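**Student:** Next comes the structure file entry03.pdb, holding PDB, C-alpha atoms and all ligand atoms.
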ATOM      1  CA  MET A 289     -92.181-195.790 138.981  1.00  0.00           C
ATOM      2  CA  GLU A 290     -90.678-194.200 135.895  1.00  0.00           C
ATOM      3  CA  PHE A 291     -88.050-192.593 138.098  1.00  0.00           C
ATOM      4  CA  LEU A 292     -86.987-195.997 139.436  1.00  0.00           C
ATOM      5  CA  GLU A 293     -86.796-197.279 135.875  1.00  0.00           C
ATOM      6  CA  SER A 294     -84.404-194.432 135.077  1.00  0.00           C
ATOM      7  CA  LEU A 295     -82.249-195.359 138.057  1.00  0.00           C
ATOM      8  CA  GLN A 296     -82.218-198.980 136.885  1.00  0.00           C
ATOM      9  CA  TRP A 297     -81.334-197.828 133.376  1.00  0.00           C
ATOM     10  CA  ARG A 298     -78.321-195.792 134.464  1.00  0.00           C
ATOM     11  CA  TYR A 299     -74.967-197.349 135.207  1.00  0.00           C
ATOM     12  CA  ALA A 300     -71.420-196.076 135.612  1.00  0.00           C
ATOM     13  CA  THR A 301     -70.607-195.984 131.915  1.00  0.00           C
ATOM     14  CA  LYS A 302     -67.134-197.252 131.049  1.00  0.00           C
ATOM     15  CA  ARG A 303     -67.179-196.746 127.276  1.00  0.00           C
ATOM     16  CA  PHE A 304     -69.011-193.898 125.540  1.00  0.00           C
ATOM     17  CA  ASP A 305     -70.050-193.660 121.885  1.00  0.00           C
ATOM     18  CA  THR A 306     -67.534-191.186 120.457  1.00  0.00           C
ATOM     19  CA  ASP A 307     -69.867-190.396 117.533  1.00  0.00           C
ATOM     20  CA  ARG A 308     -72.597-188.947 119.734  1.00  0.00           C
ATOM     21  CA  GLN A 309     -72.509-185.556 121.440  1.00  0.00           C
ATOM     22  CA  VAL A 310     -74.947-184.220 124.005  1.00  0.00           C
ATOM     23  CA  SER A 311     -76.746-181.202 122.519  1.00  0.00           C
ATOM     24  CA  ASP A 312     -76.148-177.716 123.930  1.00  0.00           C
ATOM     25  CA  GLU A 313     -79.814-177.656 124.977  1.00  0.00           C
ATOM     26  CA  ASP A 314     -79.475-180.857 126.999  1.00  0.00           C
ATOM     27  CA  VAL A 315     -76.185-179.737 128.561  1.00  0.00           C
ATOM     28  CA  ARG A 316     -78.023-176.610 129.658  1.00  0.00           C
ATOM     29  CA  LYS A 317     -80.771-178.733 131.252  1.00  0.00           C
ATOM     30  CA  LEU A 318     -78.149-180.770 133.116  1.00  0.00           C
ATOM     31  CA  GLN A 319     -76.572-177.527 134.327  1.00  0.00           C
ATOM     32  CA  GLU A 320     -79.981-176.348 135.552  1.00  0.00           C
ATOM     33  CA  ALA A 321     -80.410-179.635 137.445  1.00  0.00           C
ATOM     34  CA  VAL A 322     -77.003-179.300 139.126  1.00  0.00           C
ATOM     35  CA  ASN A 323     -77.778-175.713 140.078  1.00  0.00           C
ATOM     36  CA  LEU A 324     -81.063-176.835 141.682  1.00  0.00           C
ATOM     37  CA  ALA A 325     -79.347-179.321 144.012  1.00  0.00           C
ATOM     38  CA  ALA A 326     -79.950-178.797 147.724  1.00  0.00           C
ATOM     39  CA  THR A 327     -76.998-177.466 149.736  1.00  0.00           C
ATOM     40  CA  SER A 328     -76.457-176.701 153.408  1.00  0.00           C
ATOM     41  CA  PHE A 329     -77.933-173.231 154.152  1.00  0.00           C
ATOM     42  CA  GLY A 330     -78.309-172.918 150.353  1.00  0.00           C
ATOM     43  CA  LEU A 331     -74.734-171.666 150.120  1.00  0.00           C
ATOM     44  CA  GLN A 332     -73.768-173.658 146.995  1.00  0.00           C
ATOM     45  CA  PRO A 333     -70.083-173.865 148.051  1.00  0.00           C
ATOM     46  CA  PHE A 334     -68.845-175.247 144.744  1.00  0.00           C
ATOM     47  CA  ARG A 335     -68.554-174.476 141.059  1.00  0.00           C
ATOM     48  CA  VAL A 336     -68.657-176.798 138.059  1.00  0.00           C
ATOM     49  CA  MET A 337     -66.515-176.694 134.948  1.00  0.00           C
ATOM     50  CA  VAL A 338     -67.895-178.441 131.858  1.00  0.00           C
ATOM     51  CA  VAL A 339     -65.003-179.531 129.666  1.00  0.00           C
ATOM     52  CA  GLN A 340     -65.569-180.292 125.996  1.00  0.00           C
ATOM     53  CA  ASP A 341     -62.254-179.337 124.388  1.00  0.00           C
ATOM     54  CA  PRO A 342     -60.548-182.539 123.081  1.00  0.00           C
ATOM     55  CA  GLU A 343     -57.010-181.432 124.003  1.00  0.00           C
ATOM     56  CA  LEU A 344     -58.041-180.526 127.523  1.00  0.00           C
ATOM     57  CA  LYS A 345     -59.892-183.829 127.866  1.00  0.00           C
ATOM     58  CA  GLU A 346     -56.737-185.616 126.749  1.00  0.00           C
ATOM     59  CA  GLN A 347     -54.763-183.897 129.521  1.00  0.00           C
ATOM     60  CA  LEU A 348     -57.448-184.786 132.049  1.00  0.00           C
ATOM     61  CA  ARG A 349     -57.365-188.421 130.893  1.00  0.00           C
ATOM     62  CA  THR A 350     -53.644-188.544 131.675  1.00  0.00           C
ATOM     63  CA  ALA A 351     -54.445-187.182 135.134  1.00  0.00           C
ATOM     64  CA  SER A 352     -57.198-189.821 135.539  1.00  0.00           C
ATOM     65  CA  TYR A 353     -55.177-193.038 135.319  1.00  0.00           C
ATOM     66  CA  ASN A 354     -55.860-193.065 131.574  1.00  0.00           C
ATOM     67  CA  GLN A 355     -59.546-193.895 132.045  1.00  0.00           C
ATOM     68  CA  PRO A 356     -61.180-193.765 128.574  1.00  0.00           C
ATOM     69  CA  GLN A 357     -64.353-191.975 129.700  1.00  0.00           C
ATOM     70  CA  LEU A 358     -62.410-188.722 129.788  1.00  0.00           C
ATOM     71  CA  THR A 359     -61.852-188.586 126.042  1.00  0.00           C
ATOM     72  CA  GLU A 360     -64.716-190.780 124.773  1.00  0.00           C
ATOM     73  CA  SER A 361     -67.535-188.929 126.539  1.00  0.00           C
ATOM     74  CA  SER A 362     -69.192-185.851 125.096  1.00  0.00           C
ATOM     75  CA  HIS A 363     -68.642-183.484 128.046  1.00  0.00           C
ATOM     76  CA  VAL A 364     -66.877-183.820 131.393  1.00  0.00           C
ATOM     77  CA  PHE A 365     -68.500-182.181 134.421  1.00  0.00           C
ATOM     78  CA  VAL A 366     -65.762-181.293 136.923  1.00  0.00           C
ATOM     79  CA  PHE A 367     -67.231-180.528 140.352  1.00  0.00           C
ATOM     80  CA  CYS A 368     -64.980-178.136 142.249  1.00  0.00           C
ATOM     81  CA  ALA A 369     -65.421-177.477 145.964  1.00  0.00           C
ATOM     82  CA  MET A 370     -64.562-174.104 147.461  1.00  0.00           C
ATOM     83  CA  LYS A 371     -61.552-174.494 149.739  1.00  0.00           C
ATOM     84  CA  GLU A 372     -62.919-171.913 152.176  1.00  0.00           C
ATOM     85  CA  MET A 373     -66.141-170.116 153.033  1.00  0.00           C
ATOM     86  CA  PRO A 374     -65.288-166.389 152.948  1.00  0.00           C
ATOM     87  CA  PRO A 375     -67.807-163.943 154.492  1.00  0.00           C
ATOM     88  CA  GLU A 376     -68.155-162.312 151.050  1.00  0.00           C
ATOM     89  CA  HIS A 377     -69.648-165.546 149.729  1.00  0.00           C
ATOM     90  CA  ILE A 378     -72.282-165.486 152.471  1.00  0.00           C
ATOM     91  CA  ASP A 379     -72.976-161.790 151.833  1.00  0.00           C
ATOM     92  CA  ALA A 380     -73.401-162.392 148.101  1.00  0.00           C
ATOM     93  CA  TYR A 381     -75.893-165.156 148.892  1.00  0.00           C
ATOM     94  CA  MET A 382     -77.810-162.841 151.230  1.00  0.00           C
ATOM     95  CA  ASP A 383     -77.826-160.074 148.584  1.00  0.00           C
ATOM     96  CA  ARG A 384     -79.283-162.523 146.064  1.00  0.00           C
ATOM     97  CA  THR A 385     -81.861-163.784 148.554  1.00  0.00           C
ATOM     98  CA  ALA A 386     -82.974-160.227 149.330  1.00  0.00           C
ATOM     99  CA  GLU A 387     -83.399-159.566 145.632  1.00  0.00           C
ATOM    100  CA  VAL A 388     -85.191-162.832 144.764  1.00  0.00           C
ATOM    101  CA  HIS A 389     -87.496-162.720 147.790  1.00  0.00           C
ATOM    102  CA  ASP A 390     -87.921-158.964 147.511  1.00  0.00           C
ATOM    103  CA  VAL A 391     -87.077-158.255 151.145  1.00  0.00           C
ATOM    104  CA  PRO A 392     -84.840-155.497 152.582  1.00  0.00           C
ATOM    105  CA  ARG A 393     -81.236-156.711 152.875  1.00  0.00           C
ATOM    106  CA  GLU A 394     -81.084-155.564 156.531  1.00  0.00           C
ATOM    107  CA  GLN A 395     -83.805-158.080 157.346  1.00  0.00           C
ATOM    108  CA  LEU A 396     -81.306-160.851 156.576  1.00  0.00           C
ATOM    109  CA  ASN A 397     -78.452-159.487 158.678  1.00  0.00           C
ATOM    110  CA  ASP A 398     -79.136-161.757 161.659  1.00  0.00           C
ATOM    111  CA  TYR A 399     -79.238-164.836 159.449  1.00  0.00           C
ATOM    112  CA  ALA A 400     -75.992-163.772 157.741  1.00  0.00           C
ATOM    113  CA  SER A 401     -74.323-163.285 161.144  1.00  0.00           C
ATOM    114  CA  TYR A 402     -75.558-166.683 162.280  1.00  0.00           C
ATOM    115  CA  MET A 403     -74.053-168.380 159.210  1.00  0.00           C
ATOM    116  CA  LYS A 404     -70.780-166.455 159.516  1.00  0.00           C
ATOM    117  CA  GLY A 405     -70.579-167.397 163.215  1.00  0.00           C
ATOM    118  CA  SER A 406     -71.189-171.043 162.445  1.00  0.00           C
ATOM    119  CA  VAL A 407     -68.406-170.994 159.831  1.00  0.00           C
ATOM    120  CA  ALA A 408     -65.982-169.009 162.034  1.00  0.00           C
ATOM    121  CA  GLY A 409     -65.973-171.811 164.597  1.00  0.00           C
ATOM    122  CA  LYS A 410     -64.754-174.384 162.097  1.00  0.00           C
ATOM    123  CA  SER A 411     -61.231-175.242 160.939  1.00  0.00           C
ATOM    124  CA  VAL A 412     -60.246-174.629 157.302  1.00  0.00           C
ATOM    125  CA  GLU A 413     -60.034-178.415 156.822  1.00  0.00           C
ATOM    126  CA  SER A 414     -63.510-179.028 158.141  1.00  0.00           C
ATOM    127  CA  ILE A 415     -64.945-176.247 155.975  1.00  0.00           C
ATOM    128  CA  GLU A 416     -63.364-177.773 152.866  1.00  0.00           C
ATOM    129  CA  ALA A 417     -64.718-181.191 153.879  1.00  0.00           C
ATOM    130  CA  TRP A 418     -68.169-179.653 154.464  1.00  0.00           C
ATOM    131  CA  ASN A 419     -68.071-177.971 151.050  1.00  0.00           C
ATOM    132  CA  LYS A 420     -67.080-181.266 149.428  1.00  0.00           C
ATOM    133  CA  ARG A 421     -70.076-183.012 150.967  1.00  0.00           C
ATOM    134  CA  GLN A 422     -72.334-180.503 149.210  1.00  0.00           C
ATOM    135  CA  VAL A 423     -70.649-181.345 145.915  1.00  0.00           C
ATOM    136  CA  TYR A 424     -71.787-184.952 146.194  1.00  0.00           C
ATOM    137  CA  ILE A 425     -75.429-183.915 146.468  1.00  0.00           C
ATOM    138  CA  ALA A 426     -75.016-182.023 143.194  1.00  0.00           C
ATOM    139  CA  LEU A 427     -73.305-185.041 141.650  1.00  0.00           C
ATOM    140  CA  GLY A 428     -76.241-187.269 142.653  1.00  0.00           C
ATOM    141  CA  THR A 429     -78.676-184.755 141.215  1.00  0.00           C
ATOM    142  CA  LEU A 430     -76.776-184.764 137.924  1.00  0.00           C
ATOM    143  CA  LEU A 431     -76.741-188.576 137.714  1.00  0.00           C
ATOM    144  CA  ALA A 432     -80.479-188.801 138.368  1.00  0.00           C
ATOM    145  CA  ALA A 433     -81.399-185.952 136.018  1.00  0.00           C
ATOM    146  CA  ALA A 434     -79.233-187.356 133.236  1.00  0.00           C
ATOM    147  CA  ALA A 435     -80.786-190.807 133.664  1.00  0.00           C
ATOM    148  CA  GLU A 436     -84.259-189.286 133.308  1.00  0.00           C
ATOM    149  CA  MET A 437     -83.062-187.773 130.030  1.00  0.00           C
ATOM    150  CA  ARG A 438     -81.471-191.082 128.955  1.00  0.00           C
ATOM    151  CA  ILE A 439     -78.053-189.484 129.018  1.00  0.00           C
ATOM    152  CA  ASP A 440     -75.236-191.625 130.357  1.00  0.00           C
ATOM    153  CA  THR A 441     -72.784-190.626 133.067  1.00  0.00           C
ATOM    154  CA  CYS A 442     -69.903-192.057 135.059  1.00  0.00           C
ATOM    155  CA  PRO A 443     -69.257-190.636 138.538  1.00  0.00           C
ATOM    156  CA  MET A 444     -65.482-190.715 139.067  1.00  0.00           C
ATOM    157  CA  GLU A 445     -63.045-190.077 141.880  1.00  0.00           C
ATOM    158  CA  GLY A 446     -60.192-191.866 140.151  1.00  0.00           C
ATOM    159  CA  PHE A 447     -58.124-188.820 139.248  1.00  0.00           C
ATOM    160  CA  ASP A 448     -55.309-186.695 140.616  1.00  0.00           C
ATOM    161  CA  ALA A 449     -57.038-183.650 142.098  1.00  0.00           C
ATOM    162  CA  GLY A 450     -53.774-181.681 142.315  1.00  0.00           C
ATOM    163  CA  GLU A 451     -53.201-182.178 138.600  1.00  0.00           C
ATOM    164  CA  TYR A 452     -56.776-181.168 137.782  1.00  0.00           C
ATOM    165  CA  ASP A 453     -56.416-178.037 139.907  1.00  0.00           C
ATOM    166  CA  ARG A 454     -53.269-177.151 137.962  1.00  0.00           C
ATOM    167  CA  ILE A 455     -54.558-177.993 134.458  1.00  0.00           C
ATOM    168  CA  LEU A 456     -57.886-176.206 134.928  1.00  0.00           C
ATOM    169  CA  GLY A 457     -56.511-173.253 136.918  1.00  0.00           C
ATOM    170  CA  LEU A 458     -58.735-174.068 139.892  1.00  0.00           C
ATOM    171  CA  THR A 459     -56.278-173.215 142.673  1.00  0.00           C
ATOM    172  CA  GLU A 460     -56.203-169.542 141.683  1.00  0.00           C
ATOM    173  CA  ARG A 461     -59.978-169.517 142.014  1.00  0.00           C
ATOM    174  CA  GLY A 462     -59.914-170.996 145.523  1.00  0.00           C
ATOM    175  CA  LEU A 463     -61.370-174.260 144.234  1.00  0.00           C
ATOM    176  CA  THR A 464     -60.343-177.907 144.181  1.00  0.00           C
ATOM    177  CA  ALA A 465     -61.557-180.690 141.900  1.00  0.00           C
ATOM    178  CA  THR A 466     -63.590-183.079 144.025  1.00  0.00           C
ATOM    179  CA  VAL A 467     -65.467-185.479 141.779  1.00  0.00           C
ATOM    180  CA  ILE A 468     -66.114-185.633 138.046  1.00  0.00           C
ATOM    181  CA  ALA A 469     -68.799-186.990 135.743  1.00  0.00           C
ATOM    182  CA  PRO A 470     -68.174-187.605 132.065  1.00  0.00           C
ATOM    183  CA  VAL A 471     -71.540-187.502 130.255  1.00  0.00           C
ATOM    184  CA  GLY A 472     -72.596-188.764 126.850  1.00  0.00           C
ATOM    185  CA  TYR A 473     -74.136-191.868 125.325  1.00  0.00           C
ATOM    186  CA  ARG A 474     -73.108-195.439 126.056  1.00  0.00           C
ATOM    187  CA  SER A 475     -71.202-197.384 123.437  1.00  0.00           C
ATOM    188  CA  GLN A 476     -72.930-200.574 122.342  1.00  0.00           C
ATOM    189  CA  GLU A 477     -69.528-202.204 122.951  1.00  0.00           C
ATOM    190  CA  ASP A 478     -69.630-201.400 126.678  1.00  0.00           C
ATOM    191  CA  ALA A 479     -70.268-204.800 128.288  1.00  0.00           C
ATOM    192  CA  THR A 480     -70.920-203.203 131.695  1.00  0.00           C
ATOM    193  CA  GLN A 481     -74.389-202.091 130.586  1.00  0.00           C
ATOM    194  CA  HIS A 482     -75.583-205.719 130.573  1.00  0.00           C
ATOM    195  CA  LYS A 483     -74.523-206.459 134.122  1.00  0.00           C
ATOM    196  CA  ALA A 484     -77.201-206.623 136.825  1.00  0.00           C
ATOM    197  CA  LYS A 485     -76.920-204.095 139.633  1.00  0.00           C
ATOM    198  CA  VAL A 486     -75.130-205.285 142.758  1.00  0.00           C
ATOM    199  CA  ARG A 487     -76.957-203.883 145.794  1.00  0.00           C
ATOM    200  CA  VAL A 488     -77.776-205.090 149.291  1.00  0.00           C
ATOM    201  CA  PRO A 489     -81.412-206.104 149.886  1.00  0.00           C
ATOM    202  CA  LEU A 490     -83.652-203.303 151.192  1.00  0.00           C
ATOM    203  CA  GLU A 491     -84.016-205.210 154.476  1.00  0.00           C
ATOM    204  CA  GLU A 492     -80.274-204.818 154.999  1.00  0.00           C
ATOM    205  CA  MET A 493     -80.097-201.185 153.875  1.00  0.00           C
ATOM    206  CA  PHE A 494     -83.014-200.032 156.009  1.00  0.00           C
ATOM    207  CA  LEU A 495     -82.530-200.629 159.698  1.00  0.00           C
ATOM    208  CA  GLU A 496     -85.061-201.978 162.139  1.00  0.00           C
ATOM    209  CA  GLN A 497     -85.576-199.768 165.186  1.00  0.00           C
TER     210      GLN A 497
HETATM  211  C1  LIG B   1     -67.861-191.180 144.192  1.00  0.00           C
HETATM  212  C2  LIG B   1     -67.701-192.223 143.119  1.00  0.00           C
HETATM  213  C3  LIG B   1     -66.462-192.434 142.519  1.00  0.00           C
HETATM  214  C4  LIG B   1     -66.330-193.362 141.480  1.00  0.00           C
HETATM  215  N1  LIG B   1     -65.132-193.453 140.796  1.00  0.00           N
HETATM  216  C5  LIG B   1     -65.083-194.210 139.672  1.00  0.00           C
HETATM  217  C6  LIG B   1     -63.949-194.173 138.819  1.00  0.00           C
HETATM  218  O1  LIG B   1     -62.964-193.467 139.063  1.00  0.00           O
HETATM  219  N2  LIG B   1     -63.963-194.927 137.688  1.00  0.00           N
HETATM  220  C7  LIG B   1     -65.034-195.714 137.346  1.00  0.00           C
HETATM  221  O2  LIG B   1     -65.001-196.346 136.300  1.00  0.00           O
HETATM  222  N3  LIG B   1     -66.142-195.760 138.149  1.00  0.00           N
HETATM  223  C8  LIG B   1     -66.194-195.032 139.271  1.00  0.00           C
HETATM  224  N4  LIG B   1     -67.331-195.042 140.063  1.00  0.00           N
HETATM  225  C9  LIG B   1     -68.472-195.885 139.657  1.00  0.00           C
HETATM  226  C10 LIG B   1     -68.819-196.968 140.694  1.00  0.00           C
HETATM  227  O3  LIG B   1     -67.901-198.021 140.613  1.00  0.00           O
HETATM  228  C11 LIG B   1     -70.265-197.446 140.425  1.00  0.00           C
HETATM  229  O4  LIG B   1     -71.136-196.347 140.580  1.00  0.00           O
HETATM  230  C12 LIG B   1     -70.682-198.575 141.366  1.00  0.00           C
HETATM  231  O5  LIG B   1     -69.927-199.741 141.120  1.00  0.00           O
HETATM  232  C13 LIG B   1     -72.170-198.911 141.239  1.00  0.00           C
HETATM  233  O6  LIG B   1     -72.493-199.266 139.918  1.00  0.00           O
HETATM  234  P1  LIG B   1     -73.557-198.465 139.042  1.00  0.00           P
HETATM  235  O7  LIG B   1     -73.298-196.996 139.247  1.00  0.00           O
HETATM  236  O8  LIG B   1     -73.251-198.901 137.624  1.00  0.00           O
HETATM  237  O9  LIG B   1     -74.918-198.863 139.490  1.00  0.00           O
HETATM  238  C14 LIG B   1     -67.447-194.149 141.102  1.00  0.00           C
HETATM  239  C15 LIG B   1     -68.687-193.940 141.747  1.00  0.00           C
HETATM  240  C16 LIG B   1     -68.830-192.983 142.714  1.00  0.00           C
HETATM  241  C17 LIG B   1     -70.189-192.728 143.316  1.00  0.00           C
END
Turn this file's structure into structure tokens for me.

**Tutor:**
Amino acid sequence: MEFLESLQWRYATKRFDTDRQVSDEDVRKLQEAVNLAATSFGLQPFRVMVVQDPELKEQLRTASYNQPQLTESSHVFVFCAMKEMPPEHIDAYMDRTAEVHDVPREQLNDYASYMKGSVAGKSVESIEAWNKRQVYIALGTLLAAAAEMRIDTCPMEGFDAGEYDRILGLTERGLTATVIAPVGYRSQEDATQHKAKVRVPLEEMFLEQ
């Protein structure tokens, strides 16, 4: 029940309290939550940049239709999808699995080949789209974890991804900005916090068979 209360408490925060910063310890916990998100095969085909620098946030605000959350929030989580799925990424994952599970690496060769084969049959566009879908699971995990910690967030797609990729040097890293989440603490002035949630009834969301 407490979890549902947290989900009721959260809302897409429009105005953050510029006097309040999220502590390093809590940012770390949010990072842990994002890193624990489920992904297809466990491949984690994305990386996240946490932006705190005021000048950089200013540049990102310009590339985000001047939305105030960019500069008023404490930190901005920028979720960046991998544009491809190189075999080296799969091998690195298998190496890590062998180490964590304490099994010989050769034992995972068949699984690695299976994953590589599944990726080889897909177009570059569909791999990027697949990677981006994984990003959204991590975004959802962040929103829920932050709400549990009574930290505010605003999921946002309203930005120019090409500009983000340029400003943050993502292209060179084979990444593209997919979705962002400014985090911080709501401003008492933000009227949105008082609005009731607009959702379809459960009977409409959940289908009869
Ligand atoms: C993928 C995604 C993109 C969004 N983009 C923006 C955005 O650019 N700016 C904004 O203010 N809100 C944005 N929102 C917030 C939604 O409008 C909000 O989540 C929705 O109206 C439901 O309200 P609630 O989250 O407050 O319950 C986005 C939400 C999601 C999930």

**Student:** I need every residue sitting at most 8 Å from the point (-72.4, -178.1, 135.3) (coordinates as in the file, all atoms listed in the file considered), written as a ChimeraX atom specification.

**Tutor:** /A:315,318-320,322-323,335-338,365-367

**Student:** Give me the result of the PyMOL selection byres (((not hetatm)) within 6 of (chain B and resi 1)) on this file, residue by residue, as an MDAnalysis selection string.

**Tutor:** chainID A and resid 299:300 302 443:446 485

**Student:** With all atoms listed in the file as the counted atoms, please give the residues lying no more than 12 Å from Glu343 in chain A, apart from itself and same-chain residues fewer than 6 positions off, as a VMD selection string.

**Tutor:** chain A and resid 349 to 350 358 to 359 455

**Student:** If you measure from CA of Tyr381 in chain A to CA of Leu431 in chain A, what distance in Å do you get, rounded to one decimal?

**Tutor:**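 So the answer is 26.0 Å.
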
**Student:** Residues within 6 Å of Thr441 in chain A, please, as a ChimeraX atom specification. Count only C-alpha atoms; anything in the same chain fewer than 5 positions from it doesn't count.

**Tutor:** /A:301,470-471

**Student:** Decode the PyMOL selection byres (((chain A and resi 416-427) around 8) and not hetatm) for the given file into explicit residues and return them as a list in words.

**Tutor:** Val322, Asn323, Ala325, Ala326, Thr327, Ser328, Gln332, Pro333, Phe334, Phe367, Cys368, Ala369, Met370, Lys371, Glu372, Val412, Glu413, Ser414, Ile415, Gly428, Thr429, Leu430, Leu431, Pro443, Thr466, Val467 and Ala469 of chain A

**Student:** Interatomic distance between CA of Asp312 in chain A and CA of Lys345 in chain A?

**Tutor:**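 Taking CA of Asp312 in chain A as the start and CA of Lys345 in chain A as the end point, the length is 17.8 Å.
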
**Student:** In Å to one decimal, how far is CA of Tyr452 in chain A from CA of Thr480 in chain A?

**Tutor:** 26.9 Å

**Student:** Taking (-80.3, -189.9, 126.6) in the coordinates of the supplied file, I want to know which residues reach to within 12 Å of it, counting all atoms listed in the file; could you give the answer as a ChimeraX atom specification?

**Tutor:** /A:294,297-298,305,308-311,314-315,318,362,431-441,471-474

**Student:** Looking at A:Val486, A:Ala465, A:Met373, A:Val388, which one is nearest to Val407 in chain A, with distances taken over only C-alpha atoms?

**Tutor:**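 Selected residue with least distance to Val407 in chain A: A:Met373.
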